[in-house]
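Here is the file query-v7.json (JSON, C-alpha atoms and all ligand atoms).
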```
[["chain", "number", "residue", "atom", "x", "y", "z"],
["A", 1, "MET", "CA", 39.11, -20.87, 4.30],
["A", 2, "SER", "CA", 40.49, -18.18, 2.01],
["A", 3, "LEU", "CA", 38.04, -16.09, -0.02],
["A", 4, "ILE", "CA", 38.32, -18.31, -3.09],
["A", 5, "SER", "CA", 39.06, -21.99, -3.27],
["A", 6, "ILE", "CA", 40.13, -23.73, -6.44],
["A", 7, "ASP", "CA", 39.43, -27.31, -7.44],
["A", 8, "PRO", "CA", 42.81, -28.31, -8.94],
["A", 9, "ASP", "CA", 41.22, -31.13, -10.94],
["A", 10, "ARG", "CA", 38.96, -28.65, -12.71],
["A", 11, "CYS", "CA", 41.01, -25.44, -13.02],
["A", 12, "THR", "CA", 42.55, -25.01, -16.48],
["A", 13, "LYS", "CA", 44.25, -21.73, -15.52],
["A", 14, "ASP", "CA", 42.49, -19.98, -18.41],
["A", 15, "GLY", "CA", 42.63, -16.69, -16.48],
["A", 16, "HIS", "CA", 38.96, -15.80, -17.05],
["A", 17, "CYS", "CA", 38.43, -15.18, -13.33],
["A", 18, "VAL", "CA", 41.51, -12.93, -13.19],
["A", 19, "ALA", "CA", 40.33, -10.89, -16.18],
["A", 20, "GLU", "CA", 36.72, -10.57, -14.98],
["A", 21, "CYS", "CA", 37.43, -9.64, -11.35],
["A", 22, "SER", "CA", 36.06, -6.11, -10.91],
["A", 23, "PRO", "CA", 38.43, -4.89, -8.15],
["A", 24, "LYS", "CA", 41.29, -6.82, -9.82],
["A", 25, "ILE", "CA", 42.25, -8.78, -6.73],
["A", 26, "ILE", "CA", 42.41, -12.27, -8.28],
["A", 27, "GLU", "CA", 45.95, -13.06, -9.41],
["A", 28, "MET", "CA", 47.27, -16.03, -11.36],
["A", 29, "GLY", "CA", 49.78, -17.82, -9.18],
["A", 30, "ASP", "CA", 52.34, -20.35, -10.33],
["A", 31, "ASP", "CA", 49.79, -23.02, -9.59],
["A", 32, "TYR", "CA", 46.30, -21.54, -9.49],
["A", 33, "PRO", "CA", 44.40, -18.24, -9.15],
["A", 34, "PHE", "CA", 44.52, -16.76, -5.67],
["A", 35, "ILE", "CA", 43.71, -13.61, -3.69],
["A", 36, "LYS", "CA", 46.20, -12.09, -1.26],
["A", 37, "VAL", "CA", 44.72, -12.01, 2.24],
["A", 38, "GLU", "CA", 45.24, -8.24, 2.48],
["A", 39, "ASN", "CA", 43.11, -7.77, -0.68],
["A", 40, "GLU", "CA", 40.18, -9.92, 0.40],
["A", 41, "GLU", "CA", 38.25, -7.00, 1.91],
["A", 42, "ARG", "CA", 38.13, -5.37, -1.53],
["A", 43, "CYS", "CA", 35.98, -8.19, -2.95],
["A", 44, "ILE", "CA", 32.55, -6.80, -3.90],
["A", 45, "ASP", "CA", 30.95, -10.26, -3.85],
["A", 46, "CYS", "CA", 29.65, -9.93, -7.41],
["A", 47, "GLY", "CA", 30.17, -13.62, -8.19],
["A", 48, "HIS", "CA", 31.68, -12.94, -11.62],
["A", 49, "CYS", "CA", 34.65, -15.20, -10.87],
["A", 50, "VAL", "CA", 32.32, -18.12, -10.12],
["A", 51, "ALA", "CA", 29.98, -17.40, -13.02],
["A", 52, "VAL", "CA", 32.67, -16.95, -15.67],
["A", 53, "CYS", "CA", 34.57, -20.16, -14.87],
["A", 54, "PRO", "CA", 33.63, -22.69, -17.58],
["A", 55, "THR", "CA", 34.79, -25.68, -15.51],
["A", 56, "GLU", "CA", 33.17, -24.85, -12.14],
["A", 57, "ALA", "CA", 36.62, -24.83, -10.59],
["A", 58, "LEU", "CA", 36.24, -21.70, -8.46],
["A", 59, "THR", "CA", 34.20, -21.37, -5.29],
["A", 60, "LEU", "CA", 33.83, -18.05, -3.52],
["A", 61, "LYS", "CA", 33.49, -18.26, 0.26],
["A", 62, "THR", "CA", 29.98, -16.83, -0.14],
["A", 63, "LEU", "CA", 29.02, -18.53, -3.40],
["A", 64, "SER", "CA", 29.54, -21.93, -4.98],
["A", 65, "PRO", "CA", 28.98, -22.83, -8.66],
["A", 66, "VAL", "CA", 25.97, -24.99, -7.77],
["A", 67, "GLU", "CA", 24.24, -21.97, -6.24],
["A", 68, "CYS", "CA", 24.50, -20.10, -9.56],
["A", 69, "SER", "CA", 21.77, -21.14, -12.00],
["A", 70, "PRO", "CA", 23.25, -22.36, -15.29],
["A", 71, "LEU", "CA", 22.44, -20.30, -18.39],
["A", 72, "ASP", "CA", 20.01, -21.95, -20.80],
["A", 73, "LYS", "CA", 21.06, -20.78, -24.26],
["A", 74, "SER", "CA", 17.73, -21.86, -25.72],
["A", 75, "LEU", "CA", 16.09, -19.05, -23.72],
["A", 76, "ASN", "CA", 18.28, -16.33, -25.25],
["A", 77, "LEU", "CA", 16.24, -13.63, -27.00],
["A", 78, "SER", "CA", 16.84, -13.04, -30.68],
["A", 79, "GLU", "CA", 17.42, -9.43, -31.69],
["A", 80, "GLU", "CA", 13.83, -9.26, -32.98],
["A", 81, "GLN", "CA", 12.47, -10.64, -29.70],
["A", 82, "ALA", "CA", 14.60, -8.25, -27.66],
["A", 83, "ILE", "CA", 13.42, -5.27, -29.71],
["A", 84, "GLN", "CA", 9.76, -6.20, -29.30],
["A", 85, "PHE", "CA", 10.23, -6.99, -25.60],
["A", 86, "LEU", "CA", 11.75, -3.58, -24.92],
["A", 87, "ARG", "CA", 9.67, -1.51, -27.33],
["A", 88, "SER", "CA", 6.35, -3.02, -26.31],
["A", 89, "ARG", "CA", 6.72, -2.04, -22.64],
["A", 90, "ARG", "CA", 4.05, 0.54, -21.93],
["A", 91, "SER", "CA", 3.09, 2.70, -19.00],
["A", 92, "ILE", "CA", -0.22, 1.25, -17.85],
["A", 93, "ARG", "CA", -2.74, 3.75, -16.56],
["A", 94, "THR", "CA", -5.97, 1.74, -16.57],
["A", 95, "TYR", "CA", -6.21, -1.32, -14.37],
["A", 96, "LYS", "CA", -8.67, -4.12, -13.79],
["A", 97, "ASN", "CA", -10.39, -4.07, -10.43],
["A", 98, "LYS", "CA", -8.38, -7.09, -9.34],
["A", 99, "SER", "CA", -5.64, -7.46, -6.74],
["A", 100, "VAL", "CA", -2.32, -9.19, -7.29],
["A", 101, "ASP", "CA", -1.56, -11.97, -4.82],
["A", 102, "LYS", "CA", 1.32, -11.55, -2.40],
["A", 103, "GLU", "CA", 3.28, -14.45, -3.92],
["A", 104, "THR", "CA", 3.31, -12.73, -7.31],
["A", 105, "LEU", "CA", 4.30, -9.38, -5.78],
["A", 106, "GLN", "CA", 7.12, -11.17, -3.98],
["A", 107, "LYS", "CA", 8.21, -12.74, -7.29],
["A", 108, "LEU", "CA", 8.52, -9.27, -8.85],
["A", 109, "ILE", "CA", 10.79, -8.06, -6.07],
["A", 110, "ASP", "CA", 12.83, -11.26, -6.25],
["A", 111, "LEU", "CA", 13.58, -10.51, -9.90],
["A", 112, "ALA", "CA", 14.26, -6.81, -9.36],
["A", 113, "ARG", "CA", 17.12, -7.63, -6.98],
["A", 114, "TYR", "CA", 19.14, -8.87, -9.98],
["A", 115, "ALA", "CA", 19.39, -5.29, -11.30],
["A", 116, "PRO", "CA", 22.92, -3.87, -11.28],
["A", 117, "THR", "CA", 23.87, -1.71, -8.28],
["A", 118, "GLY", "CA", 26.87, 0.55, -7.77],
["A", 119, "SER", "CA", 29.77, -1.57, -6.41],
["A", 120, "ASN", "CA", 27.25, -4.40, -6.05],
["A", 121, "LYS", "CA", 26.07, -2.81, -2.77],
["A", 122, "GLN", "CA", 22.47, -3.98, -3.35],
["A", 123, "PRO", "CA", 21.03, -1.16, -1.23],
["A", 124, "VAL", "CA", 17.48, -1.22, -2.59],
["A", 125, "GLN", "CA", 14.66, -1.82, -0.09],
["A", 126, "TRP", "CA", 10.93, -1.89, -0.74],
["A", 127, "VAL", "CA", 7.59, -0.88, 0.64],
["A", 128, "ILE", "CA", 4.79, -2.77, -1.10],
["A", 129, "ILE", "CA", 1.24, -1.54, -0.69],
["A", 130, "GLN", "CA", -0.94, -4.65, -0.80],
["A", 131, "ASP", "CA", -4.36, -3.18, 0.01],
["A", 132, "PRO", "CA", -5.91, -1.12, -2.84],
["A", 133, "ALA", "CA", -7.64, 1.06, -0.21],
["A", 134, "ASP", "CA", -4.18, 2.05, 1.06],
["A", 135, "VAL", "CA", -3.20, 3.10, -2.49],
["A", 136, "GLN", "CA", -6.14, 5.51, -2.39],
["A", 137, "THR", "CA", -4.94, 6.80, 0.98],
["A", 138, "VAL", "CA", -1.52, 7.42, -0.61],
["A", 139, "ALA", "CA", -3.17, 9.25, -3.54],
["A", 140, "GLY", "CA", -5.04, 11.42, -1.02],
["A", 141, "MET", "CA", -1.81, 12.23, 0.81],
["A", 142, "VAL", "CA", -0.06, 13.16, -2.44],
["A", 143, "THR", "CA", -3.03, 15.44, -3.19],
["A", 144, "ASP", "CA", -2.59, 17.07, 0.24],
["A", 145, "TRP", "CA", 1.11, 17.57, -0.55],
["A", 146, "MET", "CA", 0.16, 19.26, -3.83],
["A", 147, "ARG", "CA", -2.33, 21.53, -2.02],
["A", 148, "ASP", "CA", 0.47, 22.47, 0.36],
["A", 149, "ILE", "CA", 2.84, 23.32, -2.54],
["A", 150, "ILE", "CA", 0.05, 25.37, -4.19],
["A", 151, "ALA", "CA", -0.21, 27.38, -0.95],
["A", 152, "GLN", "CA", 3.51, 27.62, -0.16],
["A", 153, "ALA", "CA", 5.13, 27.84, -3.60],
["A", 154, "PRO", "CA", 2.48, 28.82, -6.18],
["A", 155, "ASP", "CA", 5.05, 29.31, -8.98],
["A", 156, "VAL", "CA", 6.39, 25.79, -8.57],
["A", 157, "ALA", "CA", 2.84, 24.42, -8.33],
["A", 158, "LYS", "CA", 1.85, 26.27, -11.52],
["A", 159, "GLU", "CA", 4.88, 24.94, -13.40],
["A", 160, "MET", "CA", 3.99, 21.39, -12.27],
["A", 161, "LYS", "CA", 0.28, 21.92, -13.11],
["A", 162, "PHE", "CA", -0.72, 20.77, -9.64],
["A", 163, "ASP", "CA", -4.00, 22.69, -9.83],
["A", 164, "THR", "CA", -5.29, 20.42, -12.61],
["A", 165, "ILE", "CA", -4.14, 17.28, -10.80],
["A", 166, "VAL", "CA", -5.83, 18.35, -7.56],
["A", 167, "ALA", "CA", -9.00, 19.23, -9.48],
["A", 168, "ALA", "CA", -8.95, 15.77, -11.11],
["A", 169, "GLN", "CA", -8.51, 14.04, -7.73],
["A", 170, "GLU", "CA", -11.39, 16.10, -6.30],
["A", 171, "SER", "CA", -13.62, 15.09, -9.20],
["A", 172, "GLY", "CA", -12.87, 11.41, -8.61],
["A", 173, "VAL", "CA", -10.32, 10.89, -11.42],
["A", 174, "ASP", "CA", -7.13, 9.44, -9.96],
["A", 175, "ARG", "CA", -4.29, 11.08, -11.91],
["A", 176, "ILE", "CA", -1.78, 10.22, -9.18],
["A", 177, "CYS", "CA", -2.05, 6.46, -8.64],
["A", 178, "ARG", "CA", -4.35, 5.75, -11.60],
["A", 179, "ASN", "CA", -6.52, 3.50, -9.43],
["A", 180, "ALA", "CA", -3.78, 0.89, -9.47],
["A", 181, "PRO", "CA", -4.35, -1.78, -6.82],
["A", 182, "HIS", "CA", -0.72, -1.78, -5.64],
["A", 183, "LEU", "CA", 2.34, 0.41, -5.27],
["A", 184, "ALA", "CA", 6.01, -0.50, -4.95],
["A", 185, "PHE", "CA", 8.23, 2.13, -3.28],
["A", 186, "ALA", "CA", 11.98, 1.62, -3.84],
["A", 187, "PHE", "CA", 14.11, 3.24, -1.16],
["A", 188, "ALA", "CA", 17.63, 3.07, 0.21],
["A", 189, "ASP", "CA", 19.77, 4.28, 3.05],
["A", 190, "GLN", "CA", 21.02, 7.82, 2.39],
["A", 191, "SER", "CA", 24.61, 6.65, 2.88],
["A", 192, "PHE", "CA", 24.69, 4.88, -0.49],
["A", 193, "PRO", "CA", 26.06, 7.26, -3.16],
["A", 194, "ASN", "CA", 24.41, 5.45, -6.08],
["A", 195, "ALA", "CA", 21.09, 4.87, -4.34],
["A", 196, "GLN", "CA", 18.99, 6.95, -6.73],
["A", 197, "THR", "CA", 20.32, 5.16, -9.80],
["A", 198, "ASP", "CA", 20.18, 1.75, -8.09],
["A", 199, "CYS", "CA", 16.51, 2.25, -7.17],
["A", 200, "ALA", "CA", 15.63, 3.46, -10.68],
["A", 201, "ILE", "CA", 17.24, 0.47, -12.36],
["A", 202, "ALA", "CA", 15.62, -1.96, -9.90],
["A", 203, "LEU", "CA", 12.24, -0.40, -10.68],
["A", 204, "SER", "CA", 12.96, -0.70, -14.40],
["A", 205, "TYR", "CA", 13.75, -4.39, -13.97],
["A", 206, "LEU", "CA", 10.50, -4.80, -12.07],
["A", 207, "GLU", "CA", 8.55, -2.92, -14.76],
["A", 208, "LEU", "CA", 10.04, -5.02, -17.55],
["A", 209, "PHE", "CA", 9.14, -8.23, -15.69],
["A", 210, "LEU", "CA", 5.48, -7.25, -15.21],
["A", 211, "PRO", "CA", 4.06, -8.35, -18.61],
["A", 212, "ALA", "CA", 5.49, -11.88, -18.20],
["A", 213, "ASN", "CA", 3.19, -12.10, -15.17],
["A", 214, "GLY", "CA", 0.17, -10.69, -16.98],
["A", 215, "LEU", "CA", 0.75, -7.38, -15.18],
["A", 216, "GLY", "CA", 1.51, -3.79, -16.05],
["A", 217, "GLY", "CA", 2.82, -0.76, -14.23],
["A", 218, "CYS", "CA", 3.49, 2.93, -14.37],
["A", 219, "TRP", "CA", 6.08, 5.11, -12.67],
["A", 220, "GLY", "CA", 4.52, 7.21, -9.93],
["A", 221, "GLY", "CA", 6.43, 10.44, -10.41],
["A", 222, "TYR", "CA", 4.18, 12.61, -8.24],
["A", 223, "THR", "CA", 4.13, 10.03, -5.47],
["A", 224, "THR", "CA", 7.93, 9.82, -5.58],
["A", 225, "PHE", "CA", 8.25, 13.61, -5.21],
["A", 226, "ALA", "CA", 5.81, 13.60, -2.31],
["A", 227, "THR", "CA", 7.85, 10.97, -0.43],
["A", 228, "LYS", "CA", 10.79, 13.39, -0.37],
["A", 229, "SER", "CA", 9.15, 15.88, 1.94],
["A", 230, "TRP", "CA", 5.58, 14.99, 2.98],
["A", 231, "GLN", "CA", 5.89, 13.55, 6.46],
["A", 232, "PRO", "CA", 2.34, 12.06, 6.66],
["A", 233, "LEU", "CA", 3.18, 9.97, 3.57],
["A", 234, "LYS", "CA", 6.57, 8.93, 4.95],
["A", 235, "ASP", "CA", 4.85, 7.90, 8.17],
["A", 236, "PHE", "CA", 2.07, 6.04, 6.36],
["A", 237, "ILE", "CA", 4.50, 3.89, 4.38],
["A", 238, "ASN", "CA", 6.79, 3.46, 7.41],
["A", 239, "LEU", "CA", 9.81, 4.86, 5.58],
["A", 240, "PRO", "CA", 12.71, 4.28, 7.99],
["A", 241, "GLU", "CA", 14.84, 7.19, 9.29],
["A", 242, "ASN", "CA", 17.87, 8.10, 7.18],
["A", 243, "THR", "CA", 16.46, 6.51, 4.06],
["A", 244, "GLU", "CA", 15.13, 8.12, 0.90],
["A", 245, "CYS", "CA", 12.57, 6.84, -1.58],
["A", 246, "HIS", "CA", 13.80, 7.20, -5.17],
["A", 247, "GLY", "CA", 10.92, 5.77, -7.15],
["A", 248, "VAL", "CA", 7.41, 4.37, -7.03],
["A", 249, "MET", "CA", 5.76, 1.90, -9.40],
["A", 250, "MET", "CA", 2.01, 1.38, -9.77],
["A", 251, "ILE", "CA", 1.23, -2.31, -10.33],
["A", 252, "GLY", "CA", -1.89, -4.12, -11.49],
["A", 253, "TYR", "CA", -3.60, -6.09, -14.23],
["A", 254, "PRO", "CA", -3.92, -3.94, -17.39],
["A", 255, "ARG", "CA", -7.49, -3.32, -18.50],
["A", 256, "TYR", "CA", -6.54, -2.90, -22.16],
["A", 257, "ARG", "CA", -4.04, -4.47, -24.54],
["A", 258, "PHE", "CA", -1.80, -2.37, -26.76],
["A", 259, "HIS", "CA", -1.74, -3.33, -30.44],
["A", 260, "ARG", "CA", 1.04, -1.10, -31.72],
["A", 261, "MET", "CA", 4.33, 0.34, -30.58],
["A", 262, "PRO", "CA", 4.47, 4.15, -30.72],
["A", 263, "THR", "CA", 7.48, 5.91, -32.19],
["A", 264, "ARG", "CA", 9.94, 8.05, -30.24],
["A", 265, "ARG", "CA", 12.19, 10.95, -31.28],
["A", 266, "GLU", "CA", 15.57, 10.20, -32.79],
["A", 267, "ALA", "CA", 18.19, 10.16, -30.05],
["A", 268, "PRO", "CA", 20.55, 13.13, -30.27],
["A", 269, "ILE", "CA", 24.06, 11.70, -30.39],
["A", 270, "ILE", "CA", 27.41, 13.42, -30.31],
["A", 271, "TRP", "CA", 29.77, 11.16, -32.27],
["A", 272, "ARG", "CA", 33.45, 11.84, -31.58],
["A", 301, "LIG", "C1", 10.58, 9.06, -13.68],
["A", 301, "LIG", "C2", 9.22, 8.88, -14.31],
["A", 301, "LIG", "C3", 8.11, 9.37, -13.67],
["A", 301, "LIG", "C4", 6.84, 9.19, -14.22],
["A", 301, "LIG", "N1", 5.74, 9.61, -13.55],
["A", 301, "LIG", "C5", 4.51, 9.36, -14.03],
["A", 301, "LIG", "C6", 3.33, 9.72, -13.29],
["A", 301, "LIG", "O1", 3.41, 10.27, -12.19],
["A", 301, "LIG", "N2", 2.12, 9.44, -13.83],
["A", 301, "LIG", "C7", 1.99, 8.84, -15.05],
["A", 301, "LIG", "O2", 0.87, 8.61, -15.49],
["A", 301, "LIG", "N3", 3.09, 8.47, -15.78],
["A", 301, "LIG", "C8", 4.34, 8.70, -15.29],
["A", 301, "LIG", "N4", 5.45, 8.30, -16.00],
["A", 301, "LIG", "C9", 5.29, 7.59, -17.28],
["A", 301, "LIG", "C10", 5.69, 8.46, -18.49],
["A", 301, "LIG", "O3", 4.71, 9.45, -18.67],
["A", 301, "LIG", "C11", 5.79, 7.51, -19.70],
["A", 301, "LIG", "O4", 6.94, 6.70, -19.54],
["A", 301, "LIG", "C12", 5.86, 8.24, -21.03],
["A", 301, "LIG", "O5", 4.67, 8.94, -21.28],
["A", 301, "LIG", "C13", 6.11, 7.28, -22.21],
["A", 301, "LIG", "O6", 5.13, 6.26, -22.29],
["A", 301, "LIG", "P1", 5.58, 4.72, -22.20],
["A", 301, "LIG", "O7", 6.16, 4.48, -20.83],
["A", 301, "LIG", "O8", 4.32, 3.92, -22.43],
["A", 301, "LIG", "O9", 6.59, 4.50, -23.28],
["A", 301, "LIG", "C14", 6.71, 8.51, -15.48],
["A", 301, "LIG", "C15", 7.84, 8.00, -16.10],
["A", 301, "LIG", "C16", 9.10, 8.16, -15.52],
["A", 301, "LIG", "C17", 10.31, 7.55, -16.18]]
```
Show how you would write the structure in this file as structure tokens.
Amino acid sequence: MSLISIDPDRCTKDGHCVAECSPKIIEMGDDYPFIKVENEERCIDCGHCVAVCPTEALTLKTLSPVECSPLDKSLNLSEEQAIQFLRSRRSIRTYKNKSVDKETLQKLIDLARYAPTGSNKQPVQWVIIQDPADVQTVAGMVTDWMRDIIAQAPDVAKEMKFDTIVAAQESGVDRICRNAPHLAFAFADQSFPNAQTDCAIALSYLELFLPANGLGGCWGGYTTFATKSWQPLKDFINLPENTECHGVMMIGYPRYRFHRMPTRREAPIIWR
């Protein structure tokens, strides 16, 4: 079977698949769209050709129209809804003392994999901390990493205000993981050039999906930094060799509800 197959009874030769193909390997033949065999390896498997065809005429070797969920227009957000959805997202730093079940955590990751990735490589992998006690172990390891930076590179530590964070941790206030019950570490193989961006977008998708599940989250910036160099933390989360963690999200049930949406600075724009 060639990479794409066309149902001749359905294809109207509208050229949508040709226009939408990212690597531009779909051509319009005299009869129907086709891909030259020598170009097949350039397919990035994004599924645009299948998804854009209005008549379900095109099947990719790896993807048929029936496998692609149809779009329900009635679920489209209005501009007002989209603005509130995006502007009401908040970093959550106070959590209920309640765990999230594994099924729900799995659902979050299942949604995050729809985030865009460079060349559709989908390199993002996850470590999910399920046991709240393990989150506290992670917070302790990040504190150890900060103590080490304070000793080794006091100027850097001062700039990052690590002394106040360590003091907070020692007094029982968790400024690192905010007593969240769970953590999601997004990591990828170092060979992927867009891995950092891919992980960040996947985490953003995850964060935006949290409120629909009654959940909230907060980026774990300190924890992310610590994963770069602190071997005990890498070992604890079983970070595989030759991979790098590019972001961490705290996850849990928010203790409080926000009633208003704070303002942000005007975006500086260079109009040309
Ligand atoms: C890359 C990144 C790292 C962050 N790290 C932390 C962190 O370690 N601890 C924390 O409490 N908030 C962290 N935040 C959350 C920001 O402080 C927060 O987004 C900002 O204050 C704006 O608030 P909002 O997210 O509710 O709009 C981080 C955010 C980003 C994007």
- Which residue, A:Phe236, A:Tyr205, A:Tyr222, A:Phe258, has the smallest gap to Thr117 of chain A when you use all atoms listed in the file? A:Tyr205
- Message: Report as a VMD selection string all protein, DNA and RNA residues lying within 7 Å of segment 183-187 of chain A, evaluated on only C-alpha atoms, omitting residues in the same chain fewer than 4 positions from it.
- Response: chain A and resid 124 to 129 135 199 243 to 251
Near-ligand residues for ligand LIG 301 (chain A), threshold 9 Å, all atoms listed in the file, as an mmCIF file with C-alpha atoms, in the frame of the given file:
```cif
data_model
loop_
_atom_site.group_PDB
_atom_site.id
_atom_site.type_symbol
_atom_site.label_atom_id
_atom_site.label_comp_id
_atom_site.auth_asym_id
_atom_site.auth_seq_id
_atom_site.Cartn_x
_atom_site.Cartn_y
_atom_site.Cartn_z
ATOM 1 C CA ARG A 87 9.670 -1.510 -27.330
ATOM 2 C CA SER A 88 6.350 -3.020 -26.310
ATOM 3 C CA ARG A 89 6.720 -2.040 -22.640
ATOM 4 C CA ARG A 90 4.050 0.540 -21.930
ATOM 5 C CA SER A 91 3.090 2.700 -19.000
ATOM 6 C CA ILE A 92 -0.220 1.250 -17.850
ATOM 7 C CA ARG A 93 -2.740 3.750 -16.560
ATOM 8 C CA ARG A 175 -4.290 11.080 -11.910
ATOM 9 C CA ILE A 176 -1.780 10.220 -9.180
ATOM 10 C CA CYS A 177 -2.050 6.460 -8.640
ATOM 11 C CA ARG A 178 -4.350 5.750 -11.600
ATOM 12 C CA ALA A 200 15.630 3.460 -10.680
ATOM 13 C CA SER A 204 12.960 -0.700 -14.400
ATOM 14 C CA CYS A 218 3.490 2.930 -14.370
ATOM 15 C CA TRP A 219 6.080 5.110 -12.670
ATOM 16 C CA GLY A 220 4.520 7.210 -9.930
ATOM 17 C CA GLY A 221 6.430 10.440 -10.410
ATOM 18 C CA TYR A 222 4.180 12.610 -8.240
ATOM 19 C CA THR A 223 4.130 10.030 -5.470
ATOM 20 C CA THR A 224 7.930 9.820 -5.580
ATOM 21 C CA GLY A 247 10.920 5.770 -7.150
ATOM 22 C CA VAL A 248 7.410 4.370 -7.030
ATOM 23 C CA MET A 249 5.760 1.900 -9.400
ATOM 24 C CA MET A 261 4.330 0.340 -30.580
ATOM 25 C CA PRO A 262 4.470 4.150 -30.720
ATOM 26 C CA ARG A 264 9.940 8.050 -30.240
#
```
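Computed from the coordinates, the atom CA of Glu27 of chain A to atom CA of Asp14 of chain A distance equals 11.9 Å.
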Just want the 8 Å neighbourhood of Phe209 of chain A, counted on all atoms listed in the file, with same-chain residues fewer than 3 positions away dropped. Output as a PDB file with C-alpha atoms, in the coordinates of the input.
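Written file, part_5.pdb:
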```pdb
ATOM      1  CA  LEU A 108       8.520  -9.270  -8.850  1.00  0.00           C
ATOM      2  CA  LEU A 111      13.580 -10.510  -9.900  1.00  0.00           C
ATOM      3  CA  TYR A 205      13.750  -4.390 -13.970  1.00  0.00           C
ATOM      4  CA  LEU A 206      10.500  -4.800 -12.070  1.00  0.00           C
ATOM      5  CA  ALA A 212       5.490 -11.880 -18.200  1.00  0.00           C
ATOM      6  CA  ASN A 213       3.190 -12.100 -15.170  1.00  0.00           C
TER       7      ASN A 213
END
```
